[in-house]
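Asks: Got a structure for you, questions after.
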Amino acid sequence: MVDASKFAADRLVYFKASEIRELLKLTEGREIISLAGGLPDPRVFKKEMLAEISREVIIEQGERALQYSPTLGVTSFRKELMEFERRHGLAIRDTDDVIITVGSEESLYIITRALINPGDIVIVEEPTYLAAINVFRQYEAQMIGVPIDEYGMRTDILEEKLKQLKAEDKLPKLLYSVPTAQNPSGVTMSNDRRKHLVELASEYDFLIVEDDPYSFFLFEDVDFTFIKNYDKEGRVLYVSTLSKILSPGLRIGWTIGDKNLINLFELTKQAIDLHTPTLTQYIAERALQKGVVDITANEARNLYKIKRDVMLATLEEELSDYATWIKPIGGMFTMVVLKDETIDTKELLLKALDEGVAYVPGKSFYVSNKGKNTMRLNFSYPTPEQIEKGIRILSKVIRAHVKALAR
Ligand SMILES: Cc1ncc(COP(=O)(O)O)c(C=O)c1O
């Protein structure tokens with residue numbers, strides 16, 4: 001076997017194997033209720049419709065659908081997608097200002113690769129999406145976390161930090177936010193703060209990435225405005241995906257933004273993979289045209305709302321003395337914060353696994369040393385019965401742990 005570490009590039013030093021993933025591997029083959037994952041419920045996948053569309057695309061448009069295609073994406077799909085976003089309420093200036101990527105994960109990767117030099121400052125919410133942290137880390141960004149509360153990122157604290165940074169002549173280049181039904185916390189940012197964020201970006205001259213996989217299937221009728229819609233200067237890069245509203249396996253994501261920035265991303269993507277698979281773009285285009293995306297999003301909304309409600313009701317019954325959480329208006333997660341700050345949810349995980357339930361300890365979603373007493377719980381994948389049972393087991397484990405600590 002080759003000693004890979006001898007050959008690995010320096011930047012991979014920043015890329016530790018996930019301890020949690022290793023821990024969760026121990027559960028393979030065992031009967032474990034997993035509240036740890038982040039998968040859509042496969043019941044929302046429209047298999048028959050997608051099978052029919054795939055056949056149609058290959059038979060009727062195979063000459064193009066099986067061919068190489070432009071780096072920015074298949075032109076007709078880009079137009080269809082921008083119309084879809086427009087119907088969804090996103091302010092679109094020019095339907096050309098979009099690049100199709102291999103999932104939104106590749107959008108984050110390309111944005112970072114194109115814009116971030118080692119040492120550049122990237123501001124993130126604390127907690128934030130783990131895979132984004134990993135991308136920023138791989139490109140040696142200096143990440144600064146800004147806490148969130150039930151209304152999203154504390155932009156007042158951000159403003160203070162920006163003043164400090166300016167005094168040190170060190171301004172951020174990028175701010176990354178998941179403003180709607182955030183992964184991992186479930187929090188949605190208020191419109192006031194969204195607006196404030198854009199004002200700060202303008203005043204302190206940085207770009208904002210608005211990562212939005214979840215706003216297509218919110219559970220409540222909420223009045224929210226995309227951060228991008230407040231943007232008059234082209235500072236906001238809006239990133240989204242069909243992963244949760246069609247299928248993650250198709251790997252279709254996109255970035256909408258200022259044409260000059262999209263040009264940089266085109267150059268960057270060219271050197272990575274030339275283009276997103278043509279076939280899945282054609283399939284996605286027809287899925288949009290035939291309303292399959294809307295049907296899937298609706299099903300996700302109905303199904304996940306039921307599951308969220310079961311999770312919240314069971315949490316309320318079992319854990320209100322021991323923990324707090326917010327009520328997510330969408331998405332797939334909530335984050336439980338244990339009131340006893342000395343409890344380390346990583347240690348607790350071993351006990352929970354023994355009892356047959358898994359979750360993700362929250363610390364990995366923080367860039368500072370915080371979050372030890374938090375855990376992320378997923379409600380999209382497990383069944384309502386598993387959610388209820390899983391939370392009851394978790395509650396027993398937490399209560400036993402608190403008792404043991406008190407002894
Ligand atoms: C906030 C956030 N961004 C991006 C992604 C990645 O999605 P994709 O499948 O489009 O790469 C996810 C997936 O869970 C997510 O929660």
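Ligands are numbered from 1 in the order shown, chains are lettered A, B, ... in the order of the structure tokens, and residues start at 1 in each chain.
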Name each residue within 8 Å of ligand 1, counting only C-alpha atoms and all ligand atoms, as a PDB file with C-alpha atoms, in the first residue's frame.
Replies:
ATOM      1  CA  GLY A  38     -29.255  14.458   5.677  1.00  0.00           C
ATOM      2  CA  LEU A  39     -31.007  12.459   2.985  1.00  0.00           C
ATOM      3  CA  VAL A 102     -22.709  19.326 -10.244  1.00  0.00           C
ATOM      4  CA  GLY A 103     -24.963  19.902  -7.249  1.00  0.00           C
ATOM      5  CA  SER A 104     -24.769  23.081  -5.232  1.00  0.00           C
ATOM      6  CA  GLU A 105     -21.724  21.555  -3.551  1.00  0.00           C
ATOM      7  CA  GLU A 106     -19.785  22.192  -6.756  1.00  0.00           C
ATOM      8  CA  LEU A 108     -19.574  26.324  -3.387  1.00  0.00           C
ATOM      9  CA  THR A 128     -23.155  26.533   9.549  1.00  0.00           C
ATOM     10  CA  TYR A 129     -23.248  23.869   6.820  1.00  0.00           C
ATOM     11  CA  ALA A 131     -19.468  20.837   3.739  1.00  0.00           C
ATOM     12  CA  ALA A 132     -19.083  24.589   3.201  1.00  0.00           C
ATOM     13  CA  VAL A 178     -27.981  29.622   4.542  1.00  0.00           C
ATOM     14  CA  GLN A 182     -30.745  26.548   7.741  1.00  0.00           C
ATOM     15  CA  ASN A 183     -28.741  23.367   7.859  1.00  0.00           C
ATOM     16  CA  PRO A 184     -27.978  22.537  10.703  1.00  0.00           C
ATOM     17  CA  ASP A 211     -27.136  29.089  -0.199  1.00  0.00           C
ATOM     18  CA  ASP A 212     -30.779  28.147  -0.612  1.00  0.00           C
ATOM     19  CA  PRO A 213     -31.643  24.451  -0.974  1.00  0.00           C
ATOM     20  CA  TYR A 214     -34.783  24.593   1.191  1.00  0.00           C
ATOM     21  CA  SER A 240     -29.429  26.410  -5.158  1.00  0.00           C
ATOM     22  CA  THR A 241     -30.099  22.823  -6.142  1.00  0.00           C
ATOM     23  CA  LEU A 242     -32.633  20.280  -7.372  1.00  0.00           C
ATOM     24  CA  SER A 243     -31.351  17.771  -4.794  1.00  0.00           C
ATOM     25  CA  LYS A 244     -34.243  18.218  -2.385  1.00  0.00           C
ATOM     26  CA  PRO A 248     -29.849  14.462  -5.334  1.00  0.00           C
ATOM     27  CA  GLY A 249     -28.562  11.672  -7.564  1.00  0.00           C
ATOM     28  CA  ARG A 251     -26.465  16.270  -9.216  1.00  0.00           C
ATOM     29  CA  ILE A 252     -27.962  19.494 -10.535  1.00  0.00           C
ATOM     30  CA  GLY A 253     -27.123  22.749  -8.774  1.00  0.00           C
TER      31      GLY A 253
END
Asks: Tell me, as an MDAnalysis selection string, which residues lie within 7 Å of stretch 226-231 of chain A, counting only C-alpha atoms; anything in the same chain fewer than 4 positions away does not count.
Replies: chainID A and resid 90:91 194:195 198 210 235:236 238
Asks: Those residues you just picked out, can you put them in a file as a compact mmCIF listing (two decimals), in the first residue's frame with C-alpha atoms?
Replies:
# COMPACT_ATOMS: atom_id res chain seq x y z
CA LEU A 90 -36.18 35.49 -7.12
CA ALA A 91 -35.35 38.78 -8.82
CA ARG A 194 -31.22 40.11 5.29
CA LYS A 195 -31.46 43.74 4.32
CA VAL A 198 -26.67 43.55 2.05
CA GLU A 210 -26.89 32.89 -0.31
CA ARG A 235 -22.80 41.37 -4.57
CA VAL A 236 -25.01 38.36 -3.88
CA TYR A 238 -27.48 32.86 -5.10
Asks: Would you please give, as JSON, numbers by chain, all residues of stretch 282-346 of chain A that DSSP assigns to alpha helix (DSSP H) based on the backbone?
Replies: {"A": [282, 283, 284, 285, 286, 287, 288, 289, 292, 293, 294, 295, 296, 297, 298, 299, 300, 301, 302, 303, 304, 305, 306, 307, 308, 309, 310, 311, 312, 313, 314, 315, 316, 317, 318, 319, 345, 346]}
Asks: Between atom CA of A:Phe45 and atom CA of A:Phe379, what distance in Å does the model show, to one decimal?
Replies: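 Going from atom CA of A:Phe45 over to atom CA of A:Phe379 covers 16.7 Å.
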Asks: For A:Val74, work out the shell of residues within 8 Å, counting only C-alpha atoms and skipping chain neighbours fewer than 4 positions away, then give it as a PDB file with all heavy atoms, in the first residue's frame.
Replies:
ATOM      1  N   SER A  69     -21.522  19.473 -23.804  1.00  0.00           N
ATOM      2  CA  SER A  69     -22.365  20.680 -23.822  1.00  0.00           C
ATOM      3  C   SER A  69     -21.596  21.857 -23.206  1.00  0.00           C
ATOM      4  O   SER A  69     -20.516  21.662 -22.642  1.00  0.00           O
ATOM      5  CB  SER A  69     -23.680  20.404 -23.085  1.00  0.00           C
ATOM      6  OG  SER A  69     -23.429  19.952 -21.778  1.00  0.00           O
ATOM      7  N   PRO A  70     -22.140  23.095 -23.304  1.00  0.00           N
ATOM      8  CA  PRO A  70     -21.388  24.254 -22.830  1.00  0.00           C
ATOM      9  C   PRO A  70     -21.092  24.209 -21.319  1.00  0.00           C
ATOM     10  O   PRO A  70     -21.885  23.656 -20.545  1.00  0.00           O
ATOM     11  CB  PRO A  70     -22.321  25.437 -23.127  1.00  0.00           C
ATOM     12  CG  PRO A  70     -23.302  24.941 -24.128  1.00  0.00           C
ATOM     13  CD  PRO A  70     -23.429  23.472 -23.911  1.00  0.00           C
ATOM     14  N   ARG A  78     -30.967  26.245 -18.839  1.00  0.00           N
ATOM     15  CA  ARG A  78     -30.673  27.455 -18.045  1.00  0.00           C
ATOM     16  C   ARG A  78     -31.866  28.413 -18.092  1.00  0.00           C
ATOM     17  O   ARG A  78     -32.260  28.991 -17.090  1.00  0.00           O
ATOM     18  CB  ARG A  78     -29.408  28.144 -18.570  1.00  0.00           C
ATOM     19  CG  ARG A  78     -28.144  27.317 -18.341  1.00  0.00           C
ATOM     20  CD  ARG A  78     -26.964  27.878 -19.088  1.00  0.00           C
ATOM     21  NE  ARG A  78     -26.501  29.141 -18.536  1.00  0.00           N
ATOM     22  CZ  ARG A  78     -26.123  30.177 -19.245  1.00  0.00           C
ATOM     23  NH1 ARG A  78     -26.156  30.127 -20.560  1.00  0.00           N
ATOM     24  NH2 ARG A  78     -25.700  31.269 -18.665  1.00  0.00           N
ATOM     25  N   THR A 278     -24.591  16.425 -19.396  1.00  0.00           N
ATOM     26  CA  THR A 278     -25.634  16.935 -20.298  1.00  0.00           C
ATOM     27  C   THR A 278     -26.955  16.212 -20.071  1.00  0.00           C
ATOM     28  O   THR A 278     -28.022  16.827 -20.019  1.00  0.00           O
ATOM     29  CB  THR A 278     -25.195  16.717 -21.769  1.00  0.00           C
ATOM     30  OG1 THR A 278     -23.807  17.051 -21.883  1.00  0.00           O
ATOM     31  CG2 THR A 278     -25.992  17.577 -22.724  1.00  0.00           C
ATOM     32  N   GLN A 281     -29.050  17.338 -17.193  1.00  0.00           N
ATOM     33  CA  GLN A 281     -29.622  18.673 -17.427  1.00  0.00           C
ATOM     34  C   GLN A 281     -30.875  18.564 -18.302  1.00  0.00           C
ATOM     35  O   GLN A 281     -31.878  19.228 -18.065  1.00  0.00           O
ATOM     36  CB  GLN A 281     -28.608  19.590 -18.093  1.00  0.00           C
ATOM     37  CG  GLN A 281     -27.403  19.904 -17.207  1.00  0.00           C
ATOM     38  CD  GLN A 281     -26.476  20.907 -17.844  1.00  0.00           C
ATOM     39  OE1 GLN A 281     -26.854  22.047 -18.077  1.00  0.00           O
ATOM     40  NE2 GLN A 281     -25.248  20.498 -18.131  1.00  0.00           N
ATOM     41  N   TYR A 282     -30.800  17.723 -19.329  1.00  0.00           N
ATOM     42  CA  TYR A 282     -31.981  17.531 -20.198  1.00  0.00           C
ATOM     43  C   TYR A 282     -33.137  16.922 -19.409  1.00  0.00           C
ATOM     44  O   TYR A 282     -34.295  17.298 -19.576  1.00  0.00           O
ATOM     45  CB  TYR A 282     -31.618  16.644 -21.399  1.00  0.00           C
ATOM     46  CG  TYR A 282     -31.101  17.451 -22.582  1.00  0.00           C
ATOM     47  CD1 TYR A 282     -29.760  17.778 -22.694  1.00  0.00           C
ATOM     48  CD2 TYR A 282     -31.969  17.895 -23.569  1.00  0.00           C
ATOM     49  CE1 TYR A 282     -29.287  18.526 -23.760  1.00  0.00           C
ATOM     50  CE2 TYR A 282     -31.519  18.641 -24.646  1.00  0.00           C
ATOM     51  CZ  TYR A 282     -30.170  18.953 -24.740  1.00  0.00           C
ATOM     52  OH  TYR A 282     -29.726  19.694 -25.789  1.00  0.00           O
TER      53      TYR A 282
END
Asks: Please identify all polymer residues within 12 Å of A:Lys351, counting only C-alpha atoms, omitting same-chain residues fewer than 5 positions from it, and present them as a PyMOL selection string.
Replies: chain A and resi 23+344-346+356-359+393-401
Asks: Which polymer residues have any atom within 8 Å of an atom of A:Gly186, counting only C-alpha atoms, with same-chain residues fewer than 4 positions away left out, as a compact mmCIF listing (two decimals) with C-alpha atoms, in the first residue's frame?
Replies:
# COMPACT_ATOMS: atom_id res chain seq x y z
CA THR A 180 -33.82 29.94 4.97
CA ALA A 181 -34.44 26.81 7.08
CA GLN A 182 -30.75 26.55 7.74
CA ILE A 326 -36.25 26.23 17.40
CA LYS A 327 -39.24 25.29 15.27
CA PRO A 328 -37.92 25.03 11.70
CA ILE A 329 -40.31 26.42 9.08
CA GLY A 330 -38.74 24.20 6.44
CA GLY A 331 -35.73 22.09 5.57
CA MET A 332 -34.75 18.81 7.14
CA PHE A 333 -33.15 19.58 10.49
CA THR A 334 -33.40 21.07 13.89
CA MET A 335 -30.63 21.59 16.39
Asks: In Å, with one decimal, what is the gap from atom CA of A:Asn134 to atom CA of A:Asp120?
Replies: 15.0 Å
Asks: For A:Thr71, please output as a VMD selection string all residues within 10 Å (counting only C-alpha atoms; exclusion window: fewer than 4 positions along the same chain).
Replies: chain A and resid 99 to 101 265 to 271 273 to 278
Asks: Go ahead and save the picked residues with all heavy atoms, as a CSV table (one decimal), in the first residue's frame.
Replies:
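Output below, filename out_6.csv:
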chain,number,residue,atom,x,y,z
A,99,ILE,N,-24.8,29.7,-13.9
A,99,ILE,CA,-24.0,28.6,-14.3
A,99,ILE,C,-24.5,27.3,-13.6
A,99,ILE,O,-24.8,27.3,-12.4
A,99,ILE,CB,-22.5,28.8,-13.9
A,99,ILE,CG1,-21.6,27.6,-14.4
A,99,ILE,CG2,-22.2,29.1,-12.4
A,99,ILE,CD1,-20.1,27.9,-14.4
A,100,ILE,N,-24.7,26.3,-14.4
A,100,ILE,CA,-25.2,25.0,-13.8
A,100,ILE,C,-24.0,24.2,-13.3
A,100,ILE,O,-22.9,24.1,-14.0
A,100,ILE,CB,-25.9,24.2,-14.9
A,100,ILE,CG1,-26.9,25.0,-15.7
A,100,ILE,CG2,-26.5,22.9,-14.3
A,100,ILE,CD1,-28.1,25.5,-14.8
A,101,THR,N,-24.1,23.6,-12.1
A,101,THR,CA,-23.0,22.9,-11.5
A,101,THR,C,-23.4,21.5,-11.1
A,101,THR,O,-24.6,21.2,-11.0
A,101,THR,CB,-22.5,23.7,-10.3
A,101,THR,OG1,-23.6,23.9,-9.4
A,101,THR,CG2,-21.9,25.0,-10.7
A,265,PHE,N,-16.4,31.9,-12.9
A,265,PHE,CA,-16.8,30.5,-12.5
A,265,PHE,C,-16.8,29.6,-13.7
A,265,PHE,O,-16.4,28.4,-13.6
A,265,PHE,CB,-18.2,30.5,-11.8
A,265,PHE,CG,-18.3,31.4,-10.6
A,265,PHE,CD1,-19.5,32.0,-10.3
A,265,PHE,CD2,-17.2,31.7,-9.9
A,265,PHE,CE1,-19.6,32.9,-9.2
A,265,PHE,CE2,-17.3,32.6,-8.8
A,265,PHE,CZ,-18.5,33.2,-8.5
A,266,GLU,N,-17.1,30.2,-14.9
A,266,GLU,CA,-17.1,29.4,-16.1
A,266,GLU,C,-15.6,28.9,-16.4
A,266,GLU,O,-15.4,27.7,-16.6
A,266,GLU,CB,-17.6,30.2,-17.3
A,266,GLU,CG,-17.6,29.5,-18.6
A,266,GLU,CD,-18.1,30.4,-19.7
A,266,GLU,OE1,-18.1,31.6,-19.6
A,266,GLU,OE2,-18.4,29.8,-20.8
A,267,LEU,N,-14.7,29.9,-16.3
A,267,LEU,CA,-13.3,29.5,-16.5
A,267,LEU,C,-12.8,28.4,-15.5
A,267,LEU,O,-12.1,27.5,-15.8
A,267,LEU,CB,-12.4,30.7,-16.2
A,267,LEU,CG,-12.3,31.7,-17.4
A,267,LEU,CD1,-11.4,32.9,-16.9
A,267,LEU,CD2,-11.6,31.0,-18.5
A,268,THR,N,-13.3,28.6,-14.2
A,268,THR,CA,-12.9,27.7,-13.2
A,268,THR,C,-13.4,26.3,-13.4
A,268,THR,O,-12.7,25.3,-13.3
A,268,THR,CB,-13.4,28.2,-11.8
A,268,THR,OG1,-12.9,29.5,-11.7
A,268,THR,CG2,-12.8,27.4,-10.7
A,269,LYS,N,-14.7,26.2,-13.8
A,269,LYS,CA,-15.4,24.9,-14.0
A,269,LYS,C,-14.8,24.2,-15.2
A,269,LYS,O,-14.6,23.0,-15.2
A,269,LYS,CB,-16.9,25.1,-14.2
A,269,LYS,CG,-17.6,23.8,-14.3
A,269,LYS,CD,-19.1,24.0,-14.2
A,269,LYS,CE,-19.9,22.7,-14.6
A,269,LYS,NZ,-19.8,21.6,-13.7
A,270,GLN,N,-14.4,25.0,-16.2
A,270,GLN,CA,-13.8,24.4,-17.4
A,270,GLN,C,-12.6,23.5,-17.1
A,270,GLN,O,-12.5,22.4,-17.6
A,270,GLN,CB,-13.3,25.5,-18.3
A,270,GLN,CG,-13.7,25.4,-19.8
A,270,GLN,CD,-13.7,26.7,-20.5
A,270,GLN,OE1,-12.8,27.5,-20.2
A,270,GLN,NE2,-14.6,26.9,-21.4
A,271,ALA,N,-11.8,24.0,-16.1
A,271,ALA,CA,-10.7,23.2,-15.8
A,271,ALA,C,-11.0,22.0,-14.8
A,271,ALA,O,-10.1,21.2,-14.5
A,271,ALA,CB,-9.6,24.1,-15.1
A,273,ASP,N,-14.3,20.1,-14.7
A,273,ASP,CA,-15.0,19.0,-15.3
A,273,ASP,C,-15.7,19.3,-16.6
A,273,ASP,O,-16.6,18.6,-17.1
A,273,ASP,CB,-16.1,18.4,-14.3
A,273,ASP,CG,-17.0,19.5,-13.8
A,273,ASP,OD1,-17.0,20.6,-14.3
A,273,ASP,OD2,-17.7,19.2,-12.8
A,274,LEU,N,-15.3,20.4,-17.3
A,274,LEU,CA,-15.8,20.9,-18.6
A,274,LEU,C,-17.3,21.3,-18.5
A,274,LEU,O,-17.6,22.4,-18.9
A,274,LEU,CB,-15.7,19.8,-19.6
A,274,LEU,CG,-14.4,19.7,-20.5
A,274,LEU,CD1,-14.6,18.7,-21.6
A,274,LEU,CD2,-14.0,21.1,-21.0
A,275,HIS,N,-18.1,20.4,-18.0
A,275,HIS,CA,-19.5,20.8,-17.8
A,275,HIS,C,-20.3,19.8,-16.9
A,275,HIS,O,-19.8,18.7,-16.7
A,275,HIS,CB,-20.2,20.9,-19.2
A,275,HIS,CG,-20.3,19.7,-20.0
A,275,HIS,ND1,-21.2,18.6,-19.7
A,275,HIS,CD2,-19.6,19.2,-21.0
A,275,HIS,CE1,-21.0,17.6,-20.5
A,275,HIS,NE2,-20.0,18.0,-21.4
A,276,THR,N,-21.4,20.2,-16.4
A,276,THR,CA,-22.3,19.3,-15.7
A,276,THR,C,-22.9,18.3,-16.7
A,276,THR,O,-23.1,18.7,-17.8
A,276,THR,CB,-23.4,20.1,-15.0
A,276,THR,OG1,-22.8,21.1,-14.2
A,276,THR,CG2,-24.4,19.3,-14.2
A,277,PRO,N,-23.0,17.0,-16.3
A,277,PRO,CA,-23.5,16.0,-17.3
A,277,PRO,C,-24.7,16.5,-18.1
A,277,PRO,O,-25.7,17.0,-17.5
A,277,PRO,CB,-24.0,14.8,-16.4
A,277,PRO,CG,-23.0,14.9,-15.2
A,277,PRO,CD,-22.8,16.4,-15.0
A,278,THR,N,-24.6,16.4,-19.4
A,278,THR,CA,-25.6,16.9,-20.3
A,278,THR,C,-27.0,16.2,-20.1
A,278,THR,O,-28.0,16.8,-20.0
A,278,THR,CB,-25.2,16.7,-21.8
A,278,THR,OG1,-23.8,17.1,-21.9
A,278,THR,CG2,-26.0,17.6,-22.7
Asks: Could you give me, as a PyMOL selection string, the residues within 10 Å of stretch 163-170 of chain A, counting only C-alpha atoms and dropping anything in the same chain fewer than 5 positions from it?
Replies: chain A and resi 120-121+157-158+204
Asks: Atoms to include: N, CA, C and O atoms. Write the selected residues as a PDB file, in the first residue's frame.
Replies:
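File written: part_38.pdb
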ATOM      1  N   ASP A 120      -7.537  34.646   3.053  1.00  0.00           N
ATOM      2  CA  ASP A 120      -8.697  35.544   2.868  1.00  0.00           C
ATOM      3  C   ASP A 120      -9.752  35.234   3.934  1.00  0.00           C
ATOM      4  O   ASP A 120      -9.957  34.072   4.297  1.00  0.00           O
ATOM      5  N   ILE A 121     -10.428  36.281   4.353  1.00  0.00           N
ATOM      6  CA  ILE A 121     -11.429  36.084   5.410  1.00  0.00           C
ATOM      7  C   ILE A 121     -12.794  35.741   4.816  1.00  0.00           C
ATOM      8  O   ILE A 121     -13.287  36.425   3.918  1.00  0.00           O
ATOM      9  N   ILE A 157     -23.814  41.900  15.653  1.00  0.00           N
ATOM     10  CA  ILE A 157     -22.478  41.411  16.036  1.00  0.00           C
ATOM     11  C   ILE A 157     -21.556  41.425  14.812  1.00  0.00           C
ATOM     12  O   ILE A 157     -20.384  41.790  14.899  1.00  0.00           O
ATOM     13  N   LEU A 158     -22.123  41.064  13.669  1.00  0.00           N
ATOM     14  CA  LEU A 158     -21.335  41.122  12.428  1.00  0.00           C
ATOM     15  C   LEU A 158     -20.799  42.537  12.213  1.00  0.00           C
ATOM     16  O   LEU A 158     -19.617  42.734  11.901  1.00  0.00           O
ATOM     17  N   TYR A 204     -18.862  47.558   3.478  1.00  0.00           N
ATOM     18  CA  TYR A 204     -17.531  46.987   3.742  1.00  0.00           C
ATOM     19  C   TYR A 204     -16.990  46.208   2.541  1.00  0.00           C
ATOM     20  O   TYR A 204     -15.973  45.527   2.658  1.00  0.00           O
TER      21      TYR A 204
END
